[in-house]
Structures are given as structure tokens and as C-alpha cells.
2 protein chains.
Amino acid sequence: MASTPLTVDTINPKVLECEYAVRGEIVILAQKLQEDLKNNPKSHPFNEILYCNIGNPQSLGQQPITFFREVLALCDHPALLDRAETRGLFSADSIKRASEILTQIPGRATGAYSHSQGIKGLRDTIAGGIQARDGFPADPNDIFLTDGASPAVHMMMQLLIRSEKDGILCPIPQYPLYSASIALHGGTLVPYYLDEATGWGLEVSELKKQLETAKSKGVCVRALVVINPGNPTGQVLAENNQRQIVDFCKKEGLVLLADEVYQENVYVPDKKFHSFKKVARSMGYGEKDIALVSFQSVSKGYYGECGKRGGYMEITGFSPEIREQIYKLASVNLCSNISGQILASLVMSPPKVGDECYESYSAEKNAILSSMARRAQQLEHALNSLEGVSCNRAEGAMYLFPSIKLPNKAIEAANAAKTAPDTFYARRLLNATGIVVVPGSGFGQAPGTLHFRCTILPQEDRIPAIITRLTTFHEAFVKEFRD
Amino acid sequence: MASTPLTVDTINPKVLECEYAVRGEIVILAQKLQEDLKNNPKSHPFNEILYCNIGNPQSLGQQPITFFREVLALCDHPALLDRAETRGLFSADSIKRASEILTQIPGRATGAYSHSQGIKGLRDTIAGGIQARDGFPADPNDIFLTDGASPAVHMMMQLLIRSEKDGILCPIPQYPLYSASIALHGGTLVPYYLDEATGWGLEVSELKKQLETAKSKGVCVRALVVINPGNPTGQVLAENNQRQIVDFCKKEGLVLLADEVYQENVYVPDKKFHSFKKVARSMGYGEKDIALVSFQSVSKGYYGECGKRGGYMEITGFSPEIREQIYKLASVNLCSNISGQILASLVMSPPKVGDECYESYSAEKNAILSSMARRAQQLEHALNSLEGVSCNRAEGAMYLFPSIKLPNKAIEAANAAKTAPDTFYARRLLNATGIVVVPGSGFGQAPGTLHFRCTILPQEDRIPAIITRLTTFHEAFVKEFRD
């Protein structure tokens with residue numbers, strides 16, 4: 001008997017190493033508390049769990065955009081288009097768009113595997129949307145539709161990382177998909193620190209310094225990840241800053257991996273989203289000058305269709321041979337889900353002025369975005385009024401990432417409990433209020449600082465109560481541990 | 001300027017190594033010919049491309065099951081459930097099922113990320129379906145819903161493979177997802193040969209021999225892949241054979257990776273599908289005895305919903321610590337798409353006798369399965385009547401994998417064209433007829449033998465014409481190259 005049952009000592013150590021705090025220990029505890037509440041509604045000092053750990057708007061009550069869902073339902077069951085009753089149930093625009101999409105799908109077969117990059121007609125639509133957004137041409141052959149942005153990020157990491165000698169420059173704090181994917185693919189995360197004091201500023205001098213440090217350790221840096229608008233940090237890059245970043249990547253021969261999934265989530269009048277491709281093209285840089293990948297997702301924006309797993313990456317500046325390899329990687333998984341593909345085409349080409357449903361569509365869209373902006377501001381103000389807490393402006397994305405200064409006694413208590421101090425705080429917050437946030441250590445933070453990430457996504461009428469709960473908890477916590 | 005633009009010499013060599021013939025060079029050529037035909041319908045001696053390279057039923061005209069699509073459409077746009085007109089457009093059973101599913105989804109939010117393993121209520125339904133199929137209990141906590149079966153296979157390979165010293169026993173011929181995934185994760189494929197002479201028999205003596213050979217080379221074999229019903233080979237394992245395989249894995253401490261995605265596709269009265277879990281449990285083996293993963297997909301069966309990317313794996317016999325690691329891997333990608341999750345629950349719990357729509361549902365299902373059986377038989381007979389071609393019975397799955405003996409002159413011509421002889425044949429077939437098949441070399445084959453894989457999926461009324469085209473081509477090919 002040569003039995004060798006699987007143990008944590010015999011699995012791939014890269015899996016062990018990988019961490020993903022957004023669904024980590026605090027969330028697992030929250031799920032347990034939720035079970036408790038189901039079995040006994042009085043088991044905790046709150047009656048529900050508020051998941052502020054993840055950018056998942058519809059889980060907190062945000063309603064989907066009607067036009068998008070009508071089109072999806074019609075494409076899921078095309079037989080509806082032949083029935084007279086359908087006109088009473090669906091808008092004329094939805095019927096028209098669904099019919100157009102079905103003609104773009106070979107055989108109208110929404111249940112067939114598509115081209116590995118996604119349905120060509122949908123990629124045409126997306127390329128058109130990018131072009132309208134940027135004012136520069138986009139090529140449908142550069143688009144790879146994926147099940148959300150995550151698989152696209154994994155695909156690029158898989159392509160770029162050969163060993164632990166290959167490094168990827170990542171912001172700190174970062175969205176932990178990047179650290180997890182780099183760990184799983186066996187590479188080295190080369191950190192560059194965002195400057196909290198200047199609103200999470202991204203300094204090229206810091207990029208240079210970290211690149212040189214990595215090189216001196218024998219690490220070959222392959223790519224630079226930029227998340228704009230920032231996650232978890234919420235800043236929106238200025239165009240001038242983006243130009244510096246493009247020049248840095250061009251000069252250093254780095255692939256620029258631009259996470260642009262929050263492109264619709266900008267809340268302040270003095271900032272505007274510019275895609276890195278637009279910035280590079282407006283500098284006169286073309287295909288030969290810079291290798292650039294832009295990630296987009298249907299999970300974010302005002303649509304928040306996380307469960308649909310739609311997204312794409314637009315790749316430019318890669319040779320035909322490299323593109324062939326990326327195509328092969330895509331083809332091993334056959335294709336992304338067709339509903340997600342359709343939705344990606346819809347978010348990049350929503351109803352236009354003059355369309356019959358334009359008014360109701362924009363009313364839904366604007367209500368969501370303006371409410372998000374108000375919620376961001378309310379939560380930011382509330383956080384800044386707490387003792388020892390300071391929070392940068394949420395210019396975009398869906399998060400606040402306040403810095404918290406904890407009393408020494410709290411840090412000692414955390415050490416005694418063998419927990420990171422920010423995890424200690426987040427666990428206490430959860431146990432006292434049912435509010436789920438993610439400790440800053442899950443994103444990385446400058447040494448000696450502590451943070452947590454909290455989404456701005458609870459529905460607006462709930463925000464005052466949340467602020468009250470948070471404030472009451474924080475005051476009691478500070479009192480308990482005051483030095 | 002330290003510019004280091006990406007070249008094939010500087011990307012991850014594992015990506016270069018990986019091959020996926022099902023969407024490889026023959027398919028890329030087919031796409032080119034299809035473009036030609038679009039631009040000039042007379043550019044080739046056929047007027048359409050027939051994609052027999054991939055198990056993609058709906059791309060060839062198979063219609064989706066009405067009940068499934070009605071439920072999906074209602075879940076995509078739940079507002080329909082509040083409208084009176086809906087009763088005129090959807091069956092009462094679909095409305096009932098969609099309503100039930102929505103109550104299982106927290107907040108009825110089909111646009112929210114779910115639990116990383118999938119929506120709990122849907123996993124309950126799937127576990128119920130497994131239990132009804134096997135007669136042994138199934139636990140919803142053992143189910144991981146995934147975007148088709150492919151990501152589940154990748155997840156297990158990622159868990160098991162530490163380096164090229166780790167081996168996975170795989171059938172030859174095999175579905176190239178396995179070889180691709182093993183290559184991408186840097187492991188070693190340890191081949192075991194199916195015996196074509198005994199209808200692609202799986203002999204435990206061969207497993208033992210290959211395991212010993214691998215061990216003697218210092219390879220640590222971690223798992224055994226079994227595809228049942230077979231892909232590309234179409235055989236259905238006998239229960240007694242499955243028992244031997246289970247005992248082998250138990251004795252050798254191998255994880256049994258059971259690809260059971262064709263469980264509904266059995267066409268011969270003398271064979272029946274038995275899940276490996278049922279076989280193991282009926283032998284008295286429980287959680288502590290054997291680690292077993294069963295892969296299932298909504299892409300196959302009679303439903304053929306490839307574009308929906310739904311599927312799951314059921315994992316049993318893993319310790320809590322290992323399960324935690326698998327959960328973490330699932331959570332990095334957040335969750336699989338909700339439509340695919342819903343569909344996976346539907347295929348594992350379709351309408352039952354007594355349900356209002358049962359009759360129309362089973363009529364659709366039986367029409368598809370009985371037609372597939374007839375098509376398999378017709379194509380098998382036609383292939384066996386060709387000179388130098390011999391084809392085992394398609395007992396299940398969606399493919400035929402005939403052996404072809406090519407004249408020496410054809411092999412010399414292939415060598416001169418620097419092409420594998422089976423690729424040479426497949427390319428000639430495509431150029432002459434528009435029929436796309438996959439060369440046997442893409443799946444692996446015993447040295448000195450040649451094959452191709454052809455699906456049984458063209459619609460039934462097209463089969464006679466396909467057989468004529470294939471026969472005419474083959475006769476001309478043999479004549480051209482006769483020794």
C-alpha cells in the first residue's frame with residue numbers, strides 16, 4: 001500500500017501562498033454569523049450582516065438596468081421574439097437590440113461556444129464603443145471577451161511570468177487579485193507605494209526607485225499594473241500623470257496592464273476618466289511603441305452586473321506571434337459565457353439620445369451614479385470625524401480606504417490574539433455591528449500604517465444607520481483600549 | 001533605453017508548450033475559408049464549413065430545451081414574473097421553477113456575485129440530483145459551481161502540480177484540455193494507452209505498468225484522469241472495470257479525476273453510465289478511502305448549452321485543510337456566472353413525471369438523444385466502409401475516432417509538407433469538402449497509428465450528404481496516393 005493522501009504539505013505551495021482577503025477570514029466569519037442569525041435572530045447585537053467587503057452592488061439592493069436585462073432575457077429565449085405578447089412586455093428598443101445581436105451570432109445560437117475571443121459582431125460593437133469613448137480607432141481583433149476581468153488578468157500573468165525572477169510592478173495598496181495571481185503563477189510582486197498624503201498619488205520617481213531595487217535583486221520586471229480609478233484607494237489619475245506612466249513603460253519596455261474596470265465610476269467634477277490607450281495615442285504612440293492591456297468588466301460602473309461574469313481585455317502593441325499565444329490560452333477554455341459577452345457589448349454601447357428608452361435608461365443610470373457619489377461623500381465625512389481615522393476623498397471606484405490609528409493597547413490585544421491589528425479591528429467591528437470590511441493588510445499598506453476597505457454600496461436610506469453603528473462601535477473601541 | 005519588447009523567447013515557455021488542437025491550426029484554416037466563402041461563395045468547392053471539430057451541438061442547429069431557456073429568461077429579468085402577460089408566454093412550470101430559484105438567491109439578485117462555490121440553494125438542488133442519480137447521499141458543500149468544466153479541471157491541476165516531477169495519469173487518446181492544463185501548470189503527463197482493439201479498453205495492468213515506469217523516472221504520480229464516456233473515443237466503461245480503477249487509485253493513493261460530462265450521452269442498450277462516486281460508495285468506500293472529483297458540464301448531454309459556461313465539480317475525500325485551499329482558489333475568481341449556475345441546477349433536476357411540461361420536455365430530450373444515437377451509427381458504418389479506415393462503436397459521448405491507414409505516398413507527401421500525416425489528411429479533407437475534423441495527433445495516439453476525431457453533431461438530414469462528401473474525398477485521396 002503506497003497510499004499518499006493529499007495534505008497541505010504535498011499540494012502546490014503556490015496555492016498555499018496565495019491570499020485573497022476580499023473573501024478571506026472576516027467574510028468566512030460573517031457567513032457564520034449570518035447562519036447564527038438565521039437559526040436565532042437574537043444571537044447577535046444586530047439583525048443582519050452588511051457586506052461592505054466587496055464591490056457587489058446588487059447584493060445590497062441595487063437594481064439592474066432594465067434595458068440590459070430585457071435584452072438578455074430575449075437573447076436567452078429568442079422564441080419570444082416571434083410572439084405578439086412580447087411587445088407588451090419589452091421595450092421596442094430592447095426587442096430591436098436583441099434582434100440585432102441575434103443576427104450577429106452565427107445561427108442565432110446563444111447556446112453555442114463562440115469564437116475563442118468572443119462573438120465577432122459583439123467585438124465590433126465594443127470596438128465601436130471604445131472608439132466613441134477615446135476618439136481613437138479600436139480593432140475588434142484586439143478584444144478578448146472573458147468571464148469578468150479576473151480571468152483576463154490571470155491570462156496575462158500566465159503569459160508574462162516564467163519564474164520567481166520575473167516581477168510585476170503593482171501598486172500598494174492593490175486589489176488582491178493581482179497579488180493572488182502573481183503568487184499562483186510563481187512570480188514576484190514588485191511593490192510601488194501610492195502616497196496617501198497626496199490623495200494616493202502615483203509618483204514616477206517611486207516607480208523608478210522600485211524598478212531599480214528589483215533589478216538590483218536580479219528580478220526582471222515585465223509589466224506595470226495601474227488601477228484607475230483606484231481600488232481600494234478610489235483616486236482618479238490626472239491625465240498628465242498618466243502620460244508620465246506611459247513614458248515610463250515605454251522607456252523601460254514594460255507591458256502596461258491598465259485595470260480600468262471603474263471607468264464609469266467617477267464622482268468629482270474636477271476629475272475625468274481617460275483610458276491609457278487614449279493617453280498613449282494622444283502622445284503619438286502607436287502599436288510599435290507600447291504594449292498595453294486594458295481590462296474592463298460588466299461588474300462595476302453603474303450596471304454592477306457582477307453575477308453575469310462579463311468583461312474583456314483590449315490588447316495593443318503585441319506581435320502577431322504573441323497574440324497567437326494569447327489566442328491559444330483563450331481557446332483552451334473555449335470561450336466566455338455568451339450572456340456576459342452580450343452584456344459587455346451593451347455596457348459599451350448603451351441606448352443613445354433619441355432612442356425611445358433613452359430617457360428611462362439614463363434616469364436609472366444617473367440615479368445610481370449620483371447616489372453613489374452622495375454615499376461616498378457621506379461615508380467619507382463620517383469616517384473623517386472618527387478619532388484617529390482619516391480618509392482620502394473617494395474620487396472614483398466603489399471604496400473608501402481610511403487610515404486608522406489604533407491605541408497601543410489595542411495593538412497589544414491584537415498581538416496577544418495573534419491577529420494583525422487591522423484584522424482585530426475588523427473582527428471587532430463585525431461582531432459588534434454586522435458590518436463587514438476588509439483589513440488593509442489584505443491590500444498591502446505602508447509599514448506602520450493600518451487601514452480598512454469599506455464599499456460605498458449599501459443603499460442610500462441605510463447609510464445614516466450604518467454611520468451611527470460604525471461611530472458607536474468606534475467610540476466604544478477607542479474607549480476600551482485608550483492608552 | 002532598456003526596452004525589452006515581448007517576444008516568444010521571453011514569454012512563459014509553458015504557454016508555448018501547451019497545445020489545444022480542438023481549436024488549433026485546422027480550425028484557424030477553416031475560419032479563413034469561411035471568410036473566403038463570405039466574400040466569394042464560389043471560392044471553394046463547397047458552400048459552407050461544417051464544424052465537426054468540437055462538441056458544440058447548437059452551433060450545428062440543435063435547439064435548446066424550451067423549459068431551460070424559459071427559466072433562464074425569467075431569472076434574467078425577474079420583473080416579468082410580476083406581469084400578467086407572462087402567463088401567456090411561459091409555461092406554468094417555468095414560472096414556478098424560476099420563482100423557486102429566485103427565492104434561493106439572496107435578495108433575488110441574479111446580478112450579484114454569489115458564494116464562491118455557487119448559490120447554496122442551487123447546490124442543494126444539484127446534490128439532490130446526484131443523490132437521485134446514484135442512490136448515495138451528496139453534500140451541497142462538496143459542490144463547486146464553475147464556468148463549464150474546464151476551469152474546474154484547471155483548479156485541480158493547479159492544486160496538485162508542484163513541478164515537472166509531479167505526474168498525472170491521462171488516457172491516450174485524451175481530451176487535450178488535460179494535456180494543455182498539465183503543460184500550463186508545469187507537470188508531467190503520464191500516459192496510459194486505451195486499447196483500440198478491445199473497443200478502447202482501459203486495462204488496470206496498463207495503469208500499473210505506466211505508474212511504475214513513471215516512478216522509476218522519479219515522477220511522483222498524483223492523480224488519475226478517467227473520461228467516461230470517453231472523449232475522443234466514445235467508449236462507456238463497464239461497472240466492473242470502474243471498480244478495478246477505484247481499487248487502483250485507493251491502493252496507490254491517487255486522486256481520481258473523473259470527467260463525467262457525457263453522463264447523459266449513452267447510445268447503446270448494453271451500456272449504462274455509473275458515476276465513479278456511486279461505484280466507490282457501492283464498494284463500501286467512503287470519505288476516508290478515496291479522494292474523488294467528478295466533473296459535470298451543461299455543455300454536453302442532450303442540452304448542449306456550451307455558450308452558457310455552466311458546470312460543477314463534486315469533491316469528496318479531501319481533508320478540511322485541502323478543501324479550504326480549493327475554496328480559496330475558487331474565491332480568487334469570485335464566482336461562476338449565475339445563468340450557468342442556474343442551468344447546472346436545471347440539468348441535474350429537470351422536469352419530472354407529473355409536471356405539466358414533462359411531456360414536451362421529454363419529447364425534446366428524447367428526440368435529441370435518439371437522433372444522436374442514429375447519427376453515431378450512420379457515421380460509424382460509413383467510416384467503416386472506407387478503405388483503410390476502421391472505427392470502434394460510439395457507445396457514448398459525441399465523437400467518432402476512426403483509425404486511418406494512409407498509403408506510404410501520402411505519408412511521404414505529408415513529410416515533404418512538414419506536416420503530421422493525420423494533419424495532412426484533415427487539411428486535405430477540409431480543403432476538398434469544408435468538413436472540419438481534428439487530427440488524432442491532437443489527442444495522442446499509439447505510435448504508428450493515425451486517427452481523426454469527428455463529432456456526430458451535424459443535423460440528421462445533413463448526414464447522408466456529409467457521408468457522400470467524405471466518401472468521395474477519401475476515395476480520391478486514396479487513389480491519388482496509392483502505393
# chains A, B, ... in the order shown; residues from 1 in each chain; ligands from 1
$ residues_around --residues "A:Glu203" --least-positions-apart "5" --cutoff "10 Å" --atoms "only C-alpha atoms" --output "PDB file with N, CA and C atoms, in the first residue's frame"
ATOM      1  N   TYR A 192       5.007  49.197  -5.609  1.00  0.00           N
ATOM      2  CA  TYR A 192       5.274  50.643  -5.579  1.00  0.00           C
ATOM      3  C   TYR A 192       4.193  51.254  -4.709  1.00  0.00           C
ATOM      4  N   TYR A 193       4.592  52.181  -3.856  1.00  0.00           N
ATOM      5  CA  TYR A 193       3.668  52.705  -2.853  1.00  0.00           C
ATOM      6  C   TYR A 193       2.962  53.946  -3.367  1.00  0.00           C
ATOM      7  N   LEU A 194       1.634  53.937  -3.229  1.00  0.00           N
ATOM      8  CA  LEU A 194       0.857  55.144  -3.506  1.00  0.00           C
ATOM      9  C   LEU A 194       0.991  56.063  -2.299  1.00  0.00           C
ATOM     10  N   ASP A 195       1.033  57.362  -2.563  1.00  0.00           N
ATOM     11  CA  ASP A 195       1.289  58.318  -1.487  1.00  0.00           C
ATOM     12  C   ASP A 195      -0.031  58.805  -0.877  1.00  0.00           C
ATOM     13  N   THR A 198      -0.796  62.599  -0.505  1.00  0.00           N
ATOM     14  CA  THR A 198      -1.212  63.396  -1.666  1.00  0.00           C
ATOM     15  C   THR A 198      -2.404  62.745  -2.368  1.00  0.00           C
ATOM     16  N   LYS A 208      10.410  54.355 -10.485  1.00  0.00           N
ATOM     17  CA  LYS A 208      11.818  54.201 -10.874  1.00  0.00           C
ATOM     18  C   LYS A 208      12.611  53.561  -9.744  1.00  0.00           C
ATOM     19  N   ASN A 241      -0.320  62.803 -15.243  1.00  0.00           N
ATOM     20  CA  ASN A 241       0.297  61.697 -14.522  1.00  0.00           C
ATOM     21  C   ASN A 241       0.296  60.435 -15.397  1.00  0.00           C
ATOM     22  N   GLN A 244       3.081  60.480 -17.895  1.00  0.00           N
ATOM     23  CA  GLN A 244       4.371  60.093 -17.298  1.00  0.00           C
ATOM     24  C   GLN A 244       4.485  58.573 -17.171  1.00  0.00           C
ATOM     25  N   ILE A 245       3.378  57.951 -16.804  1.00  0.00           N
ATOM     26  CA  ILE A 245       3.380  56.490 -16.622  1.00  0.00           C
ATOM     27  C   ILE A 245       3.599  55.800 -17.970  1.00  0.00           C
TER      28      ILE A 245
END
$ residues_around --residues "A:Glu264" --least-positions-apart "6" --cutoff "10 Å" --atoms "only C-alpha atoms" --output "number ranges by chain"
A: 229, 272-273, 300-303, 369, 396-397
$ residues_around --residues "stretch 346-358 of chain B" --least-positions-apart "6" --cutoff "8 Å" --atoms "only C-alpha atoms" --output "compact mmCIF listing (two decimals) with N, CA, C and O atoms, in the first residue's frame"
# COMPACT_ATOMS: atom_id res chain seq x y z
N PHE B 67 -37.86 24.45 -21.75
CA PHE B 67 -38.03 24.69 -20.31
C PHE B 67 -36.82 25.40 -19.71
O PHE B 67 -36.95 26.38 -18.97
N PHE B 68 -35.63 24.93 -20.08
CA PHE B 68 -34.41 25.54 -19.53
C PHE B 68 -34.32 27.02 -19.91
O PHE B 68 -34.00 27.88 -19.08
N SER B 91 -44.43 28.67 -19.76
CA SER B 91 -45.18 27.57 -19.15
C SER B 91 -45.28 27.80 -17.64
O SER B 91 -44.42 28.44 -17.02
N ALA B 92 -46.35 27.26 -17.06
CA ALA B 92 -46.56 27.40 -15.62
C ALA B 92 -45.38 26.80 -14.85
O ALA B 92 -44.94 27.34 -13.83
N ASP B 93 -44.86 25.68 -15.35
CA ASP B 93 -43.72 25.04 -14.67
C ASP B 93 -42.49 25.95 -14.68
O ASP B 93 -41.75 26.01 -13.69
N THR B 125 -29.99 21.72 -4.78
CA THR B 125 -30.71 21.05 -5.88
C THR B 125 -29.80 20.07 -6.60
O THR B 125 -30.20 18.95 -6.91
N ILE B 126 -28.58 20.51 -6.88
CA ILE B 126 -27.63 19.64 -7.59
C ILE B 126 -27.30 18.41 -6.75
O ILE B 126 -27.30 17.28 -7.25
N GLY B 128 -29.18 17.06 -4.60
CA GLY B 128 -30.37 16.21 -4.69
C GLY B 128 -30.38 15.40 -5.98
O GLY B 128 -30.72 14.21 -5.98
N GLY B 129 -29.99 16.04 -7.08
CA GLY B 129 -29.95 15.36 -8.37
C GLY B 129 -28.90 14.26 -8.39
O GLY B 129 -29.13 13.17 -8.94
N ILE B 130 -27.75 14.51 -7.79
CA ILE B 130 -26.69 13.49 -7.73
C ILE B 130 -27.18 12.29 -6.91
O ILE B 130 -27.01 11.13 -7.29
N VAL B 298 -22.81 21.79 -18.33
CA VAL B 298 -24.08 21.97 -19.05
C VAL B 298 -23.87 21.96 -20.56
O VAL B 298 -24.82 22.05 -21.33
N TYR B 303 -28.66 18.63 -23.64
CA TYR B 303 -28.92 20.07 -23.55
C TYR B 303 -27.93 20.86 -24.39
O TYR B 303 -28.30 21.81 -25.07
$ atom_distance --atom1 "atom CA of B:Arg453" --atom2 "atom CA of A:Phe144"
27.6 Å
$ residues_around --residues "B:Pro140" --least-positions-apart "2" --cutoff "12 Å" --atoms "only C-alpha atoms" --output "CSV table (one decimal) with N, CA and C atoms, in the first residue's frame"
chain,number,residue,atom,x,y,z
B,117,GLN,N,-18.5,29.1,-4.0
B,117,GLN,CA,-18.8,27.8,-4.6
B,117,GLN,C,-20.1,27.7,-5.4
B,118,GLY,N,-20.8,28.8,-5.4
B,118,GLY,CA,-22.1,28.9,-6.1
B,118,GLY,C,-23.2,29.1,-5.1
B,119,ILE,N,-24.4,29.5,-5.6
B,119,ILE,CA,-25.5,29.7,-4.7
B,119,ILE,C,-25.9,28.5,-4.0
B,120,LYS,N,-26.1,28.6,-2.7
B,120,LYS,CA,-26.3,27.4,-1.8
B,120,LYS,C,-27.5,26.7,-2.2
B,121,GLY,N,-28.6,27.3,-2.5
B,121,GLY,CA,-29.9,26.7,-2.9
B,121,GLY,C,-29.7,25.8,-4.1
B,122,LEU,N,-29.0,26.4,-5.1
B,122,LEU,CA,-28.7,25.6,-6.3
B,122,LEU,C,-27.8,24.4,-6.1
B,123,ARG,N,-26.9,24.6,-5.1
B,123,ARG,CA,-26.0,23.4,-4.8
B,123,ARG,C,-26.9,22.3,-4.1
B,124,ASP,N,-27.9,22.8,-3.3
B,124,ASP,CA,-28.8,21.8,-2.7
B,124,ASP,C,-29.5,21.0,-3.8
B,125,THR,N,-30.0,21.7,-4.8
B,125,THR,CA,-30.7,21.1,-5.9
B,125,THR,C,-29.8,20.1,-6.6
B,126,ILE,N,-28.6,20.5,-6.9
B,126,ILE,CA,-27.6,19.6,-7.6
B,126,ILE,C,-27.3,18.4,-6.7
B,127,ALA,N,-27.1,18.6,-5.5
B,127,ALA,CA,-26.8,17.5,-4.6
B,127,ALA,C,-28.0,16.5,-4.6
B,128,GLY,N,-29.2,17.1,-4.6
B,128,GLY,CA,-30.4,16.2,-4.7
B,128,GLY,C,-30.4,15.4,-6.0
B,129,GLY,N,-30.0,16.0,-7.1
B,129,GLY,CA,-29.9,15.4,-8.4
B,129,GLY,C,-28.9,14.3,-8.4
B,130,ILE,N,-27.8,14.5,-7.8
B,130,ILE,CA,-26.7,13.5,-7.7
B,130,ILE,C,-27.2,12.3,-6.9
B,131,GLN,N,-27.8,12.6,-5.8
B,131,GLN,CA,-28.3,11.6,-4.9
B,131,GLN,C,-29.4,10.7,-5.6
B,137,PRO,N,-25.9,9.5,-0.8
B,137,PRO,CA,-26.0,10.9,-0.4
B,137,PRO,C,-25.0,11.8,-1.1
B,138,ALA,N,-25.3,13.0,-1.3
B,138,ALA,CA,-24.4,14.0,-1.9
B,138,ALA,C,-24.6,15.3,-1.0
B,142,ASP,N,-19.9,19.9,-1.0
B,142,ASP,CA,-18.9,19.3,-1.8
B,142,ASP,C,-18.9,19.8,-3.3
B,143,ILE,N,-19.9,20.6,-3.6
B,143,ILE,CA,-20.1,21.1,-4.9
B,143,ILE,C,-19.5,22.5,-5.1
B,144,PHE,N,-18.7,22.6,-6.2
B,144,PHE,CA,-18.1,23.9,-6.6
B,144,PHE,C,-18.7,24.2,-8.0
B,145,LEU,N,-19.5,25.2,-8.1
B,145,LEU,CA,-20.0,25.5,-9.5
B,145,LEU,C,-19.0,26.3,-10.2
B,312,TYR,N,-20.0,22.0,-12.8
B,312,TYR,CA,-19.6,21.9,-11.4
B,312,TYR,C,-18.6,20.8,-11.2
B,313,MET,N,-17.9,20.8,-10.1
B,313,MET,CA,-17.2,19.6,-9.7
B,313,MET,C,-17.7,19.2,-8.3
B,314,GLU,N,-17.8,17.9,-8.1
B,314,GLU,CA,-18.1,17.4,-6.7
B,314,GLU,C,-16.9,16.8,-6.2
B,315,ILE,N,-16.4,17.3,-5.0
B,315,ILE,CA,-15.2,16.8,-4.5
B,315,ILE,C,-15.5,16.0,-3.2
B,316,THR,N,-15.0,14.8,-3.1
B,316,THR,CA,-15.1,14.0,-1.9
B,316,THR,C,-13.8,13.4,-1.5
B,345,SER,N,-28.2,23.6,-12.2
B,345,SER,CA,-29.2,23.1,-11.3
B,345,SER,C,-30.4,22.5,-12.1
$ select_by_dssp --residues "stretch 69-226 of chain A" --states "helix (DSSP H, G or I)" --output "PyMOL selection string"
chain A and resi 69-76+78-82+86-89+92-104+106-108+120-134+140-142+149-160+177-184+196-198+204-216
$ residues_around --residues "A:Met157" --least-positions-apart "6" --cutoff "7 Å" --atoms "only C-alpha atoms" --output "PyMOL selection string"
chain A and resi 181-182+185
$ write_last_selection --atoms "N, CA and C atoms" --output "PDB file, in the first residue's frame"
ATOM      1  N   SER A 181      -2.810  36.403  -8.153  1.00  0.00           N
ATOM      2  CA  SER A 181      -2.475  35.855  -9.466  1.00  0.00           C
ATOM      3  C   SER A 181      -0.958  35.741  -9.636  1.00  0.00           C
ATOM      4  N   ILE A 182      -0.227  36.750  -9.155  1.00  0.00           N
ATOM      5  CA  ILE A 182       1.244  36.689  -9.243  1.00  0.00           C
ATOM      6  C   ILE A 182       1.761  35.515  -8.406  1.00  0.00           C
ATOM      7  N   HIS A 185       1.048  32.187 -10.126  1.00  0.00           N
ATOM      8  CA  HIS A 185       1.895  31.951 -11.291  1.00  0.00           C
ATOM      9  C   HIS A 185       3.386  31.978 -10.951  1.00  0.00           C
TER      10      HIS A 185
END
$ atom_distance --atom1 "atom CA of B:Ala376" --atom2 "atom CA of B:Ala394"
6.2 Å
$ closest_residue --among "A:Arg97, A:Arg133, A:Lys215, A:Lys328" --to "chain B" --atoms "only C-alpha atoms"
A:Lys328
$ closest_residue --among "B:Asn415, B:Asn240, B:Ser319, B:Gln445" --to "chain A" --atoms "only C-alpha atoms"
B:Ser319
